[in-house]
Amino acid sequence: LSFREILFKVYGKDGVYAKNRGELQKEGITIEGSIPKSIRVFHGHLHYAELKGIIGPESRIITWFREPVKRVISNYYYNITHEFPKRKLENPDLKKFSLEEFIEKPNRQNVMSQFLEGISLEKIFFLGFQEDFNSDLGILARKLSWEDENWKKNERLNDNSKVRDSAPETSQEIIDRIKEVNQKDIELYHRALALKSKGHWK
């Protein structure tokens with residue numbers, strides 16, 4: 001189950017508004033003008049700056065981190081498994097790019113830092129780590145007083161795992177290059193780990 005699906009379990013589909021940037025653009029709608037008043041939770045892959053218009057004094061911001069090198073590699077395999085086939089239908093001449101090409105794209109570098117630009121880690125209500133997904137989810141459930149324990153029936157799935165597991169092992173050279181071009185994310189990730197170790201999001 002994804003975090004979005006867990007939110008649906010806890011708050012019901014009528015209580016969760018789940019839209020990503022691409023969906024909003026495709027539908028030609030803005031965040032501020034499209035959220036029903038009944039919505040309790042907004043979920044989406046959007047930058048903090050894009051959400052400012054709907055964030056109020058009582059809003060609680062939640063995000064999840066993943067170890068930066070693993071995040072980049074996973075993002076690549078998700079892209080070629082899910083995003084590339086859709087774009088290929090629209091443009092049959094489109095060529096599949098390699099991992100080496102993918103990591104050099106500026107919009108694919110320091111993505112966590114891009115998403116959180118404008119807000120400090122300390123001001124985030126809860127920051128979880130995908131490596132500790134189930135245990136961190138339990139902490140979040142306690143913080144939000146989730147009474148319905150349906151969320152516990154959770155098996156973390158990764159749709160691109162078969163493609164990633166059958167792929168060649170990532171070379172040390174590529175890993176070093178990922179680290180080199182994602183220094184901001186690596187620093188941000190370790191700052192978040194340090195805050196967690198001090199009990200910041202307990």
# chains A, B, ... in the order shown; residues from 1 in each chain; ligands from 1
$ closest_atom_pairs --of "range 7-126 of chain A" --to "range 183-190 of chain A" --cutoff "12 Å" --atoms "only C-alpha atoms" --output "JSON lines"
{"residue": "A:Trp64", "atom": "CA", "partner": "A:Tyr189", "partner_atom": "CA", "distance": 10.5}
{"residue": "A:Phe65", "atom": "CA", "partner": "A:Tyr189", "partner_atom": "CA", "distance": 7.2}
{"residue": "A:Arg66", "atom": "CA", "partner": "A:Tyr189", "partner_atom": "CA", "distance": 7.9}
{"residue": "A:Glu67", "atom": "CA", "partner": "A:Tyr189", "partner_atom": "CA", "distance": 7.0}
{"residue": "A:Pro68", "atom": "CA", "partner": "A:Ile186", "partner_atom": "CA", "distance": 6.0}
{"residue": "A:Val69", "atom": "CA", "partner": "A:Ile186", "partner_atom": "CA", "distance": 8.3}
{"residue": "A:Lys70", "atom": "CA", "partner": "A:Ile186", "partner_atom": "CA", "distance": 11.1}
{"residue": "A:Arg71", "atom": "CA", "partner": "A:Asp185", "partner_atom": "CA", "distance": 10.2}
{"residue": "A:Val72", "atom": "CA", "partner": "A:Asp185", "partner_atom": "CA", "distance": 10.5}
{"residue": "A:Arg108", "atom": "CA", "partner": "A:Asp185", "partner_atom": "CA", "distance": 11.3}
{"residue": "A:Gln109", "atom": "CA", "partner": "A:Asp185", "partner_atom": "CA", "distance": 8.3}
{"residue": "A:Asn110", "atom": "CA", "partner": "A:Asp185", "partner_atom": "CA", "distance": 5.0}
{"residue": "A:Val111", "atom": "CA", "partner": "A:Asp185", "partner_atom": "CA", "distance": 7.2}
{"residue": "A:Met112", "atom": "CA", "partner": "A:Asp185", "partner_atom": "CA", "distance": 6.0}
{"residue": "A:Ser113", "atom": "CA", "partner": "A:Asp185", "partner_atom": "CA", "distance": 5.7}
{"residue": "A:Gln114", "atom": "CA", "partner": "A:Asp185", "partner_atom": "CA", "distance": 8.9}
{"residue": "A:Phe115", "atom": "CA", "partner": "A:Asp185", "partner_atom": "CA", "distance": 10.5}
{"residue": "A:Leu116", "atom": "CA", "partner": "A:Leu188", "partner_atom": "CA", "distance": 9.9}
{"residue": "A:Glu117", "atom": "CA", "partner": "A:Leu188", "partner_atom": "CA", "distance": 11.1}
{"residue": "A:Ser120", "atom": "CA", "partner": "A:Leu188", "partner_atom": "CA", "distance": 10.0}
{"residue": "A:Leu121", "atom": "CA", "partner": "A:Leu188", "partner_atom": "CA", "distance": 8.6}
{"residue": "A:Glu122", "atom": "CA", "partner": "A:Leu188", "partner_atom": "CA", "distance": 11.8}
$ select_by_dssp --residues "chain A" --states "alpha helix (DSSP H)" --output "ChimeraX atom specification"
/A:3-11,21-27,48-51,68-78,84-90,99-102,111-115,133-143,161-166,172-181,183-197
$ residues_around --residues "range 50-57 of chain A" --least-positions-apart "5" --cutoff "12 Å" --atoms "only C-alpha atoms" --output "list in words"
Lys19, Asn20, Arg21, Leu24, Thr30, Ile31, Glu32, Gly33, Ser34, Ile35, Pro36, Lys37, Ile39, Arg40, Val41, Phe42, His43, Gly44, His45, Gln114, Phe115, Leu116, Glu117, Gly118, Ile119 and Lys123 of chain A
$ write_last_selection --atoms "N, CA, C and O atoms" --output "tab-separated table (two decimals), in the first residue's frame"
chain	number	residue	atom	x	y	z
A	19	LYS	N	-3.95	14.82	-5.68
A	19	LYS	CA	-3.64	15.27	-7.04
A	19	LYS	C	-2.16	15.58	-7.15
A	19	LYS	O	-1.57	16.20	-6.26
A	20	ASN	N	-1.55	15.19	-8.26
A	20	ASN	CA	-0.17	15.57	-8.55
A	20	ASN	C	-0.15	16.71	-9.56
A	20	ASN	O	-1.17	17.03	-10.17
A	21	ARG	N	1.02	17.30	-9.76
A	21	ARG	CA	1.14	18.45	-10.66
A	21	ARG	C	0.62	18.14	-12.06
A	21	ARG	O	-0.12	18.92	-12.65
A	24	LEU	N	-3.20	18.08	-12.19
A	24	LEU	CA	-3.77	19.43	-12.10
A	24	LEU	C	-3.63	20.16	-13.43
A	24	LEU	O	-4.57	20.80	-13.91
A	30	THR	N	-6.53	24.78	-10.59
A	30	THR	CA	-5.55	25.20	-9.58
A	30	THR	C	-5.88	24.51	-8.26
A	30	THR	O	-7.01	24.06	-8.05
A	31	ILE	N	-4.89	24.44	-7.39
A	31	ILE	CA	-5.11	23.79	-6.09
A	31	ILE	C	-6.16	24.56	-5.29
A	31	ILE	O	-7.12	23.99	-4.77
A	32	GLU	N	-5.98	25.89	-5.22
A	32	GLU	CA	-6.85	26.70	-4.38
A	32	GLU	C	-8.31	26.62	-4.81
A	32	GLU	O	-9.22	26.64	-3.99
A	33	GLY	N	-8.55	26.51	-6.12
A	33	GLY	CA	-9.92	26.56	-6.60
A	33	GLY	C	-10.58	25.22	-6.79
A	33	GLY	O	-11.71	25.16	-7.29
A	34	SER	N	-9.92	24.15	-6.37
A	34	SER	CA	-10.47	22.83	-6.70
A	34	SER	C	-10.70	21.92	-5.49
A	34	SER	O	-11.23	20.82	-5.66
A	35	ILE	N	-10.33	22.34	-4.31
A	35	ILE	CA	-10.46	21.46	-3.14
A	35	ILE	C	-11.82	21.65	-2.46
A	35	ILE	O	-12.12	22.74	-1.98
A	36	PRO	N	-12.64	20.60	-2.39
A	36	PRO	CA	-13.93	20.70	-1.69
A	36	PRO	C	-13.73	20.99	-0.20
A	36	PRO	O	-12.71	20.62	0.38
A	37	LYS	N	-14.71	21.62	0.41
A	37	LYS	CA	-14.59	21.99	1.83
A	37	LYS	C	-14.58	20.77	2.74
A	37	LYS	O	-14.15	20.86	3.88
A	39	ILE	N	-12.79	18.20	2.45
A	39	ILE	CA	-11.49	17.55	2.45
A	39	ILE	C	-10.72	17.82	3.75
A	39	ILE	O	-10.62	18.95	4.21
A	40	ARG	N	-10.19	16.76	4.33
A	40	ARG	CA	-9.38	16.87	5.55
A	40	ARG	C	-7.89	16.76	5.26
A	40	ARG	O	-7.07	17.25	6.04
A	41	VAL	N	-7.55	16.06	4.18
A	41	VAL	CA	-6.14	15.80	3.87
A	41	VAL	C	-5.89	16.08	2.39
A	41	VAL	O	-6.67	15.66	1.53
A	42	PHE	N	-4.79	16.79	2.11
A	42	PHE	CA	-4.34	16.97	0.73
A	42	PHE	C	-3.08	16.14	0.54
A	42	PHE	O	-2.14	16.25	1.33
A	43	HIS	N	-3.06	15.32	-0.49
A	43	HIS	CA	-1.89	14.49	-0.78
A	43	HIS	C	-1.47	14.71	-2.23
A	43	HIS	O	-2.29	14.66	-3.15
A	44	GLY	N	-0.19	14.97	-2.43
A	44	GLY	CA	0.28	15.14	-3.79
A	44	GLY	C	1.78	15.35	-3.85
A	44	GLY	O	2.40	15.75	-2.87
A	45	HIS	N	2.35	15.06	-5.01
A	45	HIS	CA	3.78	15.30	-5.24
A	45	HIS	C	3.94	16.73	-5.76
A	45	HIS	O	4.04	16.96	-6.96
A	114	GLN	N	14.38	20.52	-3.64
A	114	GLN	CA	13.48	21.31	-4.48
A	114	GLN	C	12.07	21.33	-3.90
A	114	GLN	O	11.43	22.38	-3.84
A	115	PHE	N	11.59	20.19	-3.48
A	115	PHE	CA	10.23	20.09	-2.96
A	115	PHE	C	10.05	20.87	-1.66
A	115	PHE	O	8.97	21.43	-1.41
A	116	LEU	N	11.08	20.93	-0.83
A	116	LEU	CA	10.94	21.57	0.48
A	116	LEU	C	11.51	22.98	0.53
A	116	LEU	O	11.59	23.56	1.61
A	117	GLU	N	11.87	23.53	-0.61
A	117	GLU	CA	12.40	24.90	-0.61
A	117	GLU	C	11.36	25.86	-0.05
A	117	GLU	O	10.21	25.87	-0.46
A	118	GLY	N	11.79	26.64	0.94
A	118	GLY	CA	10.88	27.61	1.55
A	118	GLY	C	10.40	27.22	2.93
A	118	GLY	O	9.76	28.02	3.62
A	119	ILE	N	10.71	26.00	3.36
A	119	ILE	CA	10.31	25.57	4.71
A	119	ILE	C	11.47	24.82	5.35
A	119	ILE	O	12.16	24.04	4.69
A	123	LYS	N	10.06	22.95	10.97
A	123	LYS	CA	8.66	23.38	10.91
A	123	LYS	C	7.72	22.32	10.32
A	123	LYS	O	6.52	22.54	10.24
$ select_by_dssp --residues "chain A" --states "strand (DSSP E)" --output "list of chain:residue names"
A:Val16, A:Tyr17, A:Ala18, A:Val41, A:Phe42, A:His43, A:Ile62, A:Thr63, A:Trp64, A:Phe65, A:Phe126, A:Leu127, A:Gly128, A:Phe129
$ write_last_selection --atoms "N, CA and C atoms" --output "PDB file, in the first residue's frame"
ATOM      1  N   VAL A  16      -9.991  12.770   1.433  1.00  0.00           N
ATOM      2  CA  VAL A  16      -8.616  12.952   0.943  1.00  0.00           C
ATOM      3  C   VAL A  16      -8.660  13.486  -0.485  1.00  0.00           C
ATOM      4  N   TYR A  17      -7.930  14.569  -0.713  1.00  0.00           N
ATOM      5  CA  TYR A  17      -7.792  15.126  -2.061  1.00  0.00           C
ATOM      6  C   TYR A  17      -6.389  14.781  -2.542  1.00  0.00           C
ATOM      7  N   ALA A  18      -6.307  13.920  -3.551  1.00  0.00           N
ATOM      8  CA  ALA A  18      -5.004  13.435  -4.014  1.00  0.00           C
ATOM      9  C   ALA A  18      -4.790  13.817  -5.471  1.00  0.00           C
ATOM     10  N   VAL A  41      -7.547  16.059   4.177  1.00  0.00           N
ATOM     11  CA  VAL A  41      -6.143  15.800   3.865  1.00  0.00           C
ATOM     12  C   VAL A  41      -5.888  16.077   2.393  1.00  0.00           C
ATOM     13  N   PHE A  42      -4.791  16.787   2.113  1.00  0.00           N
ATOM     14  CA  PHE A  42      -4.335  16.968   0.730  1.00  0.00           C
ATOM     15  C   PHE A  42      -3.078  16.145   0.543  1.00  0.00           C
ATOM     16  N   HIS A  43      -3.061  15.324  -0.495  1.00  0.00           N
ATOM     17  CA  HIS A  43      -1.892  14.491  -0.783  1.00  0.00           C
ATOM     18  C   HIS A  43      -1.467  14.715  -2.226  1.00  0.00           C
ATOM     19  N   ILE A  62       3.319  17.022   6.304  1.00  0.00           N
ATOM     20  CA  ILE A  62       3.918  15.686   6.448  1.00  0.00           C
ATOM     21  C   ILE A  62       4.677  15.353   5.176  1.00  0.00           C
ATOM     22  N   THR A  63       5.851  14.792   5.307  1.00  0.00           N
ATOM     23  CA  THR A  63       6.601  14.362   4.127  1.00  0.00           C
ATOM     24  C   THR A  63       7.408  13.119   4.458  1.00  0.00           C
ATOM     25  N   TRP A  64       7.868  12.444   3.405  1.00  0.00           N
ATOM     26  CA  TRP A  64       8.670  11.229   3.562  1.00  0.00           C
ATOM     27  C   TRP A  64       9.970  11.384   2.804  1.00  0.00           C
ATOM     28  N   PHE A  65      11.053  10.939   3.421  1.00  0.00           N
ATOM     29  CA  PHE A  65      12.378  10.961   2.799  1.00  0.00           C
ATOM     30  C   PHE A  65      12.809   9.541   2.460  1.00  0.00           C
ATOM     31  N   PHE A 126       5.598  16.276  10.612  1.00  0.00           N
ATOM     32  CA  PHE A 126       6.148  14.921  10.693  1.00  0.00           C
ATOM     33  C   PHE A 126       6.940  14.618   9.438  1.00  0.00           C
ATOM     34  N   LEU A 127       8.137  14.065   9.639  1.00  0.00           N
ATOM     35  CA  LEU A 127       8.981  13.626   8.537  1.00  0.00           C
ATOM     36  C   LEU A 127       9.336  12.169   8.788  1.00  0.00           C
ATOM     37  N   GLY A 128       8.884  11.312   7.888  1.00  0.00           N
ATOM     38  CA  GLY A 128       9.168   9.887   8.011  1.00  0.00           C
ATOM     39  C   GLY A 128      10.199   9.450   6.999  1.00  0.00           C
ATOM     40  N   PHE A 129      10.762   8.261   7.218  1.00  0.00           N
ATOM     41  CA  PHE A 129      11.777   7.713   6.323  1.00  0.00           C
ATOM     42  C   PHE A 129      11.248   6.422   5.712  1.00  0.00           C
TER      43      PHE A 129
END
$ residues_around --residues "Glu104 in chain A" --least-positions-apart "5" --cutoff "9 Å" --atoms "only C-alpha atoms" --output "list of chain:residue names"
A:Leu99, A:Gln109, A:Arg177, A:Ile178, A:Val181
$ residues_around --residues "Asp93 in chain A" --least-positions-apart "6" --cutoff "12 Å" --atoms "only C-alpha atoms" --output "list in words"
Phe84, Pro85 and Arg87 of chain A
$ closest_residue --among "A:Pro106, A:Ile124, A:Leu144, A:Tyr77" --to "Leu195 in chain A" --atoms "only C-alpha atoms"
A:Ile124
$ atom_distance --atom1 "CA of Asn79 in chain A" --atom2 "CA of Glu131 in chain A"
20.5 Å
$ closest_residue --among "A:Glu58, A:Glu180, A:Glu5, A:Asp136" --to "Trp201 in chain A" --atoms "only C-alpha atoms"
A:Asp136
$ atom_distance --atom1 "CA of Asn182 in chain A" --atom2 "CA of Ile139 in chain A"
28.6 Å
$ decode --residues "range 11-23 of chain A" --atoms "all heavy atoms" --output "compact mmCIF listing (two decimals), in the first residue's frame"
# COMPACT_ATOMS: atom_id res chain seq x y z
N TYR A 11 -9.10 8.19 6.40
CA TYR A 11 -9.99 9.34 6.28
C TYR A 11 -11.13 9.16 5.26
O TYR A 11 -12.01 10.00 5.18
CB TYR A 11 -9.18 10.59 5.89
CG TYR A 11 -8.17 10.98 6.94
CD1 TYR A 11 -6.81 10.68 6.77
CD2 TYR A 11 -8.55 11.63 8.12
CE1 TYR A 11 -5.88 11.03 7.74
CE2 TYR A 11 -7.62 11.97 9.09
CZ TYR A 11 -6.28 11.67 8.89
OH TYR A 11 -5.36 12.02 9.85
N GLY A 12 -11.09 8.04 4.52
CA GLY A 12 -12.09 7.82 3.49
C GLY A 12 -11.75 8.60 2.23
O GLY A 12 -11.09 9.63 2.28
N LYS A 13 -12.22 8.10 1.09
CA LYS A 13 -11.87 8.76 -0.18
C LYS A 13 -12.49 10.15 -0.28
O LYS A 13 -11.97 11.01 -1.00
CB LYS A 13 -12.31 7.89 -1.36
CG LYS A 13 -11.46 6.63 -1.48
CD LYS A 13 -11.51 6.02 -2.87
CE LYS A 13 -10.50 4.88 -2.98
NZ LYS A 13 -10.48 4.27 -4.33
N ASP A 14 -13.59 10.38 0.41
CA ASP A 14 -14.20 11.71 0.38
C ASP A 14 -13.44 12.71 1.24
O ASP A 14 -13.66 13.91 1.12
CB ASP A 14 -15.66 11.64 0.86
CG ASP A 14 -16.54 10.89 -0.13
OD1 ASP A 14 -16.17 10.82 -1.31
OD2 ASP A 14 -17.60 10.37 0.29
N GLY A 15 -12.56 12.21 2.11
CA GLY A 15 -11.83 13.10 3.00
C GLY A 15 -10.42 13.41 2.54
O GLY A 15 -9.71 14.20 3.18
N VAL A 16 -9.99 12.77 1.43
CA VAL A 16 -8.62 12.95 0.94
C VAL A 16 -8.66 13.49 -0.48
O VAL A 16 -9.33 12.92 -1.35
CB VAL A 16 -7.83 11.62 0.97
CG1 VAL A 16 -6.41 11.83 0.45
CG2 VAL A 16 -7.79 11.06 2.39
N TYR A 17 -7.93 14.57 -0.71
CA TYR A 17 -7.79 15.13 -2.06
C TYR A 17 -6.39 14.78 -2.54
O TYR A 17 -5.40 15.24 -1.97
CB TYR A 17 -7.99 16.64 -2.03
CG TYR A 17 -8.03 17.31 -3.39
CD1 TYR A 17 -9.23 17.46 -4.07
CD2 TYR A 17 -6.87 17.79 -3.99
CE1 TYR A 17 -9.29 18.07 -5.31
CE2 TYR A 17 -6.91 18.41 -5.23
CZ TYR A 17 -8.12 18.54 -5.88
OH TYR A 17 -8.16 19.16 -7.12
N ALA A 18 -6.31 13.92 -3.55
CA ALA A 18 -5.00 13.44 -4.01
C ALA A 18 -4.79 13.82 -5.47
O ALA A 18 -5.41 13.25 -6.37
CB ALA A 18 -4.92 11.92 -3.85
N LYS A 19 -3.95 14.82 -5.68
CA LYS A 19 -3.64 15.27 -7.04
C LYS A 19 -2.16 15.58 -7.15
O LYS A 19 -1.57 16.20 -6.26
CB LYS A 19 -4.43 16.53 -7.39
CG LYS A 19 -5.94 16.35 -7.49
CD LYS A 19 -6.34 15.73 -8.82
CE LYS A 19 -7.86 15.66 -8.93
NZ LYS A 19 -8.27 15.04 -10.20
N ASN A 20 -1.55 15.19 -8.26
CA ASN A 20 -0.17 15.57 -8.55
C ASN A 20 -0.15 16.71 -9.56
O ASN A 20 -1.17 17.03 -10.17
CB ASN A 20 0.60 14.37 -9.10
CG ASN A 20 0.77 13.28 -8.05
OD1 ASN A 20 0.87 13.58 -6.87
ND2 ASN A 20 0.79 12.03 -8.48
N ARG A 21 1.02 17.30 -9.76
CA ARG A 21 1.14 18.45 -10.66
C ARG A 21 0.62 18.14 -12.06
O ARG A 21 -0.12 18.92 -12.65
CB ARG A 21 2.60 18.90 -10.73
CG ARG A 21 2.82 20.13 -11.60
CD ARG A 21 4.28 20.47 -11.78
NE ARG A 21 4.92 20.81 -10.51
CZ ARG A 21 5.77 20.01 -9.88
NH1 ARG A 21 6.08 18.83 -10.37
NH2 ARG A 21 6.33 20.38 -8.74
N GLY A 22 1.00 16.97 -12.57
CA GLY A 22 0.58 16.60 -13.92
C GLY A 22 -0.93 16.50 -14.05
O GLY A 22 -1.51 16.92 -15.06
N GLU A 23 -1.58 15.95 -13.03
CA GLU A 23 -3.04 15.82 -13.06
C GLU A 23 -3.72 17.18 -13.03
O GLU A 23 -4.70 17.42 -13.75
CB GLU A 23 -3.50 14.97 -11.87
CG GLU A 23 -3.04 13.53 -11.94
CD GLU A 23 -3.31 12.76 -10.65
OE1 GLU A 23 -2.86 13.21 -9.58
OE2 GLU A 23 -3.99 11.74 -10.72
